[in-house]
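Some notes on the structure that comes next.
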Amino acid sequence: EEARIINADPVLDIGLRSVRWLEEAAVEMTRSSIREDASPMQTAMAISRAGGAGDEGSSGVVLAAVLPSSLDPDAPAREGARLAEQDECSQARLLQSLWRYLRAGRLEDGQHFCRKCKQWWRASSIGGGVPFHFDDEEGEWHGNPSRPLWRRACEAIARRAMRAPHVPGNIHEAAIYGTLSGCAELLKAVSPACDGWEDTLWARLKLALDSHLADQQFSLSATNA
């Protein structure tokens, strides 16, 4: 379905080729990504001690003023809490690297990077954009049959991160999920992570084209319903 829409729209095809060219030019950025364990170990230890929020423990771990009640990835935002400082910094570095992979069009490499950094849940969260399709060779269905729902979830994550730009990593988290949302309105979430005209042009094209393609897919689905 997606290929059919692109083949029928020469302007869309040229736009997507431009996006791929800009992505290929950014591949070099991914080579500086450093793999590290980004699991919130210091926060886990602090929660297990169940006390001393806002203090410095015997291990020298600097704690945030308010720790989350659990290691649920959504807990800090939901509870207005913060991870331990060391964990925030390691997560911020991971998000910056993940943004570079996305900017270079290497989403699968970005997922692999997340898994290597022990953030398996994040690898899954960014992988819902594969079109639902039947693989003739494998004889199986692949992809996400609920892509519109996944895109709305990405939009919600981006908007949440935008509300707290002071938290380390949130600028890149907003940019990552804003891009994946395919929502043209979220260019404001992506722009702060852009560095130079190439990034800005890529972000504008990527969001505009993904939004247009999603609209075309919805119209085609409605017509065929």
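Going through the structure tokens in order, the chains are called A, B, and so on, while each chain numbers its residues from 1 and the ligands are numbered from 1 in the order shown.
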Next item on the list: Write out as a ChimeraX atom specification the residues lying within 7 Å of region 40-51 of chain A, counting only C-alpha atoms and excluding same-chain residues fewer than 6 positions away.
Entry: /A:61,71,83-84,87
For the selection you just gave me, I'd like the residues written to a file as a PDB file, in the first residue's frame, keeping N, CA and C atoms.
```pdb
ATOM      1  N   VAL A  61      26.736   8.350  45.444  1.00  0.00           N
ATOM      2  CA  VAL A  61      25.694   8.543  44.455  1.00  0.00           C
ATOM      3  C   VAL A  61      24.874   9.777  44.820  1.00  0.00           C
ATOM      4  N   LEU A  71      11.018   1.459  39.004  1.00  0.00           N
ATOM      5  CA  LEU A  71      11.857   1.603  37.819  1.00  0.00           C
ATOM      6  C   LEU A  71      11.045   1.584  36.527  1.00  0.00           C
ATOM      7  N   LEU A  83      15.497  10.602  38.123  1.00  0.00           N
ATOM      8  CA  LEU A  83      16.444   9.518  38.370  1.00  0.00           C
ATOM      9  C   LEU A  83      17.653  10.067  39.117  1.00  0.00           C
ATOM     10  N   ALA A  84      18.475   9.175  39.644  1.00  0.00           N
ATOM     11  CA  ALA A  84      19.744   9.601  40.224  1.00  0.00           C
ATOM     12  C   ALA A  84      20.552  10.314  39.144  1.00  0.00           C
ATOM     13  N   ASP A  87      22.412   8.302  36.569  1.00  0.00           N
ATOM     14  CA  ASP A  87      21.517   7.611  35.641  1.00  0.00           C
ATOM     15  C   ASP A  87      20.942   8.583  34.613  1.00  0.00           C
TER      16      ASP A  87
END
```
Using only C-alpha atoms, determine which residues lie at most 7 Å from His142 (chain A), disregarding the query and same-chain residues fewer than 6 positions distant; provide the list as a CSV table (one decimal) with N, CA, C and O atoms, in the first residue's frame.
```csv
chain,number,residue,atom,x,y,z
A,132,PHE,N,2.5,-3.0,8.2
A,132,PHE,CA,2.0,-4.3,8.3
A,132,PHE,C,2.0,-5.0,6.9
A,132,PHE,O,1.3,-4.4,6.0
A,133,HIS,N,2.7,-6.1,6.7
A,133,HIS,CA,2.7,-6.7,5.4
A,133,HIS,C,3.0,-8.2,5.5
A,133,HIS,O,3.4,-8.7,6.5
A,134,PHE,N,2.7,-8.8,4.4
A,134,PHE,CA,2.9,-10.3,4.3
A,134,PHE,C,4.1,-10.6,3.6
A,134,PHE,O,4.4,-10.1,2.5
A,135,ASP,N,5.0,-11.3,4.2
A,135,ASP,CA,6.3,-11.7,3.6
A,135,ASP,C,6.1,-13.1,2.8
A,135,ASP,O,5.9,-14.1,3.5
```
Next item on the list: Please give the complete set of residues from region 28-223 of chain A that DSSP, run on the backbone, assigns to strand (DSSP E), formatted as a list in words.
Entry: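 Taking region 28-223 of chain A and keeping strand (DSSP E) only, one gets His133, Phe134, Asp135, Glu140, Trp141 and His142 of chain A.
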Could the residues in this selection be saved with N, CA and C atoms as a short mmCIF file (atom, residue, chain, number, x, y, z; two decimals), in the first residue's frame?
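What follows is the written file out-v8.cif:
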```cif
data_model
loop_
_atom_site.label_atom_id
_atom_site.label_comp_id
_atom_site.auth_asym_id
_atom_site.auth_seq_id
_atom_site.Cartn_x
_atom_site.Cartn_y
_atom_site.Cartn_z
N HIS A 133 2.67 -6.07 6.71
CA HIS A 133 2.74 -6.66 5.38
C HIS A 133 2.98 -8.16 5.48
N PHE A 134 2.68 -8.84 4.40
CA PHE A 134 2.86 -10.29 4.35
C PHE A 134 4.14 -10.59 3.58
N ASP A 135 5.03 -11.35 4.20
CA ASP A 135 6.29 -11.74 3.58
C ASP A 135 6.09 -13.06 2.85
N GLU A 140 4.78 -15.28 6.46
CA GLU A 140 4.31 -14.71 7.72
C GLU A 140 4.01 -13.22 7.57
N TRP A 141 3.15 -12.73 8.48
CA TRP A 141 2.87 -11.30 8.54
C TRP A 141 3.92 -10.61 9.41
N HIS A 142 4.34 -9.43 8.98
CA HIS A 142 5.32 -8.65 9.72
C HIS A 142 4.82 -7.21 9.86
#
```
Check: Just asking: which residues within region 20-185 of chain A are alpha helix (DSSP H) according to DSSP, as number ranges by chain?
Finding: A: 20-24, 41-49, 75-79, 85-103, 107-116, 120-125, 147-162, 170-181
For those residues, write C-alpha atoms to a file as a PDB file, in the first residue's frame.
```pdb
ATOM      1  CA  ARG A  20      17.435   9.410   2.185  1.00  0.00           C
ATOM      2  CA  TRP A  21      20.247  11.541   0.731  1.00  0.00           C
ATOM      3  CA  LEU A  22      20.323  13.697   3.854  1.00  0.00           C
ATOM      4  CA  GLU A  23      20.340  10.564   6.002  1.00  0.00           C
ATOM      5  CA  GLU A  24      23.233   9.012   4.109  1.00  0.00           C
ATOM      6  CA  MET A  41      21.346   1.109  38.569  1.00  0.00           C
ATOM      7  CA  GLN A  42      21.980   3.997  40.955  1.00  0.00           C
ATOM      8  CA  THR A  43      18.277   4.796  41.121  1.00  0.00           C
ATOM      9  CA  ALA A  44      17.511   1.133  41.762  1.00  0.00           C
ATOM     10  CA  MET A  45      19.919   1.044  44.680  1.00  0.00           C
ATOM     11  CA  ALA A  46      18.489   4.255  46.098  1.00  0.00           C
ATOM     12  CA  ILE A  47      14.909   2.964  45.849  1.00  0.00           C
ATOM     13  CA  SER A  48      15.921  -0.308  47.507  1.00  0.00           C
ATOM     14  CA  ARG A  49      17.350   1.657  50.409  1.00  0.00           C
ATOM     15  CA  ALA A  75       7.413   6.709  36.586  1.00  0.00           C
ATOM     16  CA  PRO A  76       9.612   9.848  36.656  1.00  0.00           C
ATOM     17  CA  ALA A  77       7.309  11.792  34.313  1.00  0.00           C
ATOM     18  CA  ARG A  78       4.136  10.427  35.879  1.00  0.00           C
ATOM     19  CA  GLU A  79       5.245  11.214  39.433  1.00  0.00           C
ATOM     20  CA  GLU A  85      22.075  12.111  38.615  1.00  0.00           C
ATOM     21  CA  GLN A  86      24.436   9.480  37.192  1.00  0.00           C
ATOM     22  CA  ASP A  87      21.517   7.611  35.641  1.00  0.00           C
ATOM     23  CA  GLU A  88      20.120  10.793  34.091  1.00  0.00           C
ATOM     24  CA  CYS A  89      23.484  11.541  32.516  1.00  0.00           C
ATOM     25  CA  SER A  90      23.919   8.039  31.065  1.00  0.00           C
ATOM     26  CA  GLN A  91      20.371   8.108  29.713  1.00  0.00           C
ATOM     27  CA  ALA A  92      20.982  11.541  28.175  1.00  0.00           C
ATOM     28  CA  ARG A  93      24.059  10.187  26.364  1.00  0.00           C
ATOM     29  CA  LEU A  94      22.073   7.205  25.088  1.00  0.00           C
ATOM     30  CA  LEU A  95      19.290   9.465  23.786  1.00  0.00           C
ATOM     31  CA  GLN A  96      21.769  11.714  22.004  1.00  0.00           C
ATOM     32  CA  SER A  97      23.297   8.665  20.288  1.00  0.00           C
ATOM     33  CA  LEU A  98      19.861   7.287  19.433  1.00  0.00           C
ATOM     34  CA  TRP A  99      18.947  10.630  17.869  1.00  0.00           C
ATOM     35  CA  ARG A 100      22.046  10.344  15.656  1.00  0.00           C
ATOM     36  CA  TYR A 101      20.960   6.894  14.483  1.00  0.00           C
ATOM     37  CA  LEU A 102      17.469   8.155  13.685  1.00  0.00           C
ATOM     38  CA  ARG A 103      18.845  11.226  11.918  1.00  0.00           C
ATOM     39  CA  LEU A 107      16.532   2.907  13.060  1.00  0.00           C
ATOM     40  CA  GLU A 108      17.364  -0.817  13.291  1.00  0.00           C
ATOM     41  CA  ASP A 109      20.938   0.040  14.287  1.00  0.00           C
ATOM     42  CA  GLY A 110      19.469   2.376  16.901  1.00  0.00           C
ATOM     43  CA  GLN A 111      17.350  -0.459  18.287  1.00  0.00           C
ATOM     44  CA  HIS A 112      20.412  -2.699  18.434  1.00  0.00           C
ATOM     45  CA  PHE A 113      22.282   0.090  20.235  1.00  0.00           C
ATOM     46  CA  CYS A 114      19.472   0.361  22.823  1.00  0.00           C
ATOM     47  CA  ARG A 115      19.612  -3.363  23.496  1.00  0.00           C
ATOM     48  CA  LYS A 116      23.380  -3.239  23.929  1.00  0.00           C
ATOM     49  CA  TRP A 120      15.284  -3.220  25.647  1.00  0.00           C
ATOM     50  CA  TRP A 121      11.994  -1.459  26.293  1.00  0.00           C
ATOM     51  CA  ARG A 122      13.177   1.605  24.378  1.00  0.00           C
ATOM     52  CA  ALA A 123      14.286  -0.547  21.450  1.00  0.00           C
ATOM     53  CA  SER A 124      10.720  -1.860  21.268  1.00  0.00           C
ATOM     54  CA  SER A 125       9.137   1.554  21.704  1.00  0.00           C
ATOM     55  CA  ARG A 147       0.684   2.117  13.371  1.00  0.00           C
ATOM     56  CA  PRO A 148      -1.692   5.085  13.880  1.00  0.00           C
ATOM     57  CA  LEU A 149      -2.019   4.166  17.565  1.00  0.00           C
ATOM     58  CA  TRP A 150       1.768   3.812  17.892  1.00  0.00           C
ATOM     59  CA  ARG A 151       2.282   7.209  16.251  1.00  0.00           C
ATOM     60  CA  ARG A 152      -0.117   8.830  18.721  1.00  0.00           C
ATOM     61  CA  ALA A 153       1.850   7.247  21.572  1.00  0.00           C
ATOM     62  CA  CYS A 154       5.075   8.682  20.126  1.00  0.00           C
ATOM     63  CA  GLU A 155       3.408  12.083  19.903  1.00  0.00           C
ATOM     64  CA  ALA A 156       2.391  11.882  23.567  1.00  0.00           C
ATOM     65  CA  ILE A 157       5.957  10.969  24.625  1.00  0.00           C
ATOM     66  CA  ALA A 158       7.403  13.857  22.613  1.00  0.00           C
ATOM     67  CA  ARG A 159       4.969  16.374  24.088  1.00  0.00           C
ATOM     68  CA  ARG A 160       5.693  15.105  27.604  1.00  0.00           C
ATOM     69  CA  ALA A 161       9.443  15.504  27.097  1.00  0.00           C
ATOM     70  CA  MET A 162       8.934  19.012  25.707  1.00  0.00           C
ATOM     71  CA  ASN A 170      14.574  15.318  27.196  1.00  0.00           C
ATOM     72  CA  ILE A 171      15.522  17.490  24.218  1.00  0.00           C
ATOM     73  CA  HIS A 172      16.676  14.432  22.296  1.00  0.00           C
ATOM     74  CA  GLU A 173      13.809  12.262  23.552  1.00  0.00           C
ATOM     75  CA  ALA A 174      11.328  14.861  22.279  1.00  0.00           C
ATOM     76  CA  ALA A 175      13.136  14.952  18.935  1.00  0.00           C
ATOM     77  CA  ILE A 176      13.235  11.158  18.593  1.00  0.00           C
ATOM     78  CA  TYR A 177       9.586  10.502  19.337  1.00  0.00           C
ATOM     79  CA  GLY A 178       8.449  13.695  17.617  1.00  0.00           C
ATOM     80  CA  THR A 179      10.088  12.439  14.432  1.00  0.00           C
ATOM     81  CA  LEU A 180       8.591   8.965  14.778  1.00  0.00           C
ATOM     82  CA  SER A 181       5.117  10.407  15.359  1.00  0.00           C
TER      83      SER A 181
END
```
Check: Could you state the separation of CA of Ser33 (chain A) and CA of Cys183 (chain A) in Å, given to one decimal place?
Finding: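 Distance reported for this atom pair: 27.2 Å.
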Check: A:Ala26, A:Ala3, A:Ala8, A:Ile14: which is nearest Cys194 (chain A), counting only C-alpha atoms?
Finding: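 Going through A:Ala26, A:Ala3, A:Ala8, A:Ile14 one by one, the smallest distance to Cys194 (chain A) is for A:Ala26.
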If we count only C-alpha atoms and set the cut-off at 12 Å, which residues sit around Gly15 (chain A), ignoring sequence neighbours fewer than 3 positions away in its own chain? Please answer as a PDB file with C-alpha atoms, in the first residue's frame.
```pdb
ATOM      1  CA  ILE A   6       4.732   6.608  -3.446  1.00  0.00           C
ATOM      2  CA  ASP A   9       3.070  10.557  -6.451  1.00  0.00           C
ATOM      3  CA  PRO A  10       6.311  11.733  -8.149  1.00  0.00           C
ATOM      4  CA  VAL A  11       6.667  14.728  -5.801  1.00  0.00           C
ATOM      5  CA  LEU A  12       6.427  12.476  -2.744  1.00  0.00           C
ATOM      6  CA  SER A  18      15.949  13.779  -0.645  1.00  0.00           C
ATOM      7  CA  VAL A  19      15.372  12.523   2.901  1.00  0.00           C
ATOM      8  CA  ARG A  20      17.435   9.410   2.185  1.00  0.00           C
ATOM      9  CA  TRP A  21      20.247  11.541   0.731  1.00  0.00           C
ATOM     10  CA  LEU A  22      20.323  13.697   3.854  1.00  0.00           C
ATOM     11  CA  LEU A 201      15.943  20.476   6.250  1.00  0.00           C
ATOM     12  CA  TRP A 202      15.794  16.765   7.071  1.00  0.00           C
ATOM     13  CA  ARG A 204      11.084  19.552   7.904  1.00  0.00           C
ATOM     14  CA  LEU A 205      11.010  17.114   4.990  1.00  0.00           C
ATOM     15  CA  LYS A 206      10.755  14.001   7.153  1.00  0.00           C
ATOM     16  CA  LEU A 207       7.794  15.221   9.190  1.00  0.00           C
ATOM     17  CA  ALA A 208       5.945  16.793   6.256  1.00  0.00           C
ATOM     18  CA  LEU A 209       6.322  13.708   4.059  1.00  0.00           C
ATOM     19  CA  ASP A 210       5.524  11.184   6.798  1.00  0.00           C
ATOM     20  CA  HIS A 212       1.307  13.356   4.094  1.00  0.00           C
ATOM     21  CA  LEU A 213       1.933   9.639   3.586  1.00  0.00           C
TER      22      LEU A 213
END
```
Next item on the list: Between A:Gly105, A:Gln119, A:Ser70, A:Ile5, single out the one closest to Glu36 (chain A), counting only C-alpha atoms.
Entry: A:Gln119
Next item on the list: Record the distance separating CA of Ala81 (chain A) and CA of Val66 (chain A), expressed in Å with one decimal.
Entry: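 Between CA of Ala81 (chain A) and CA of Val66 (chain A) the gap is 5.1 Å.
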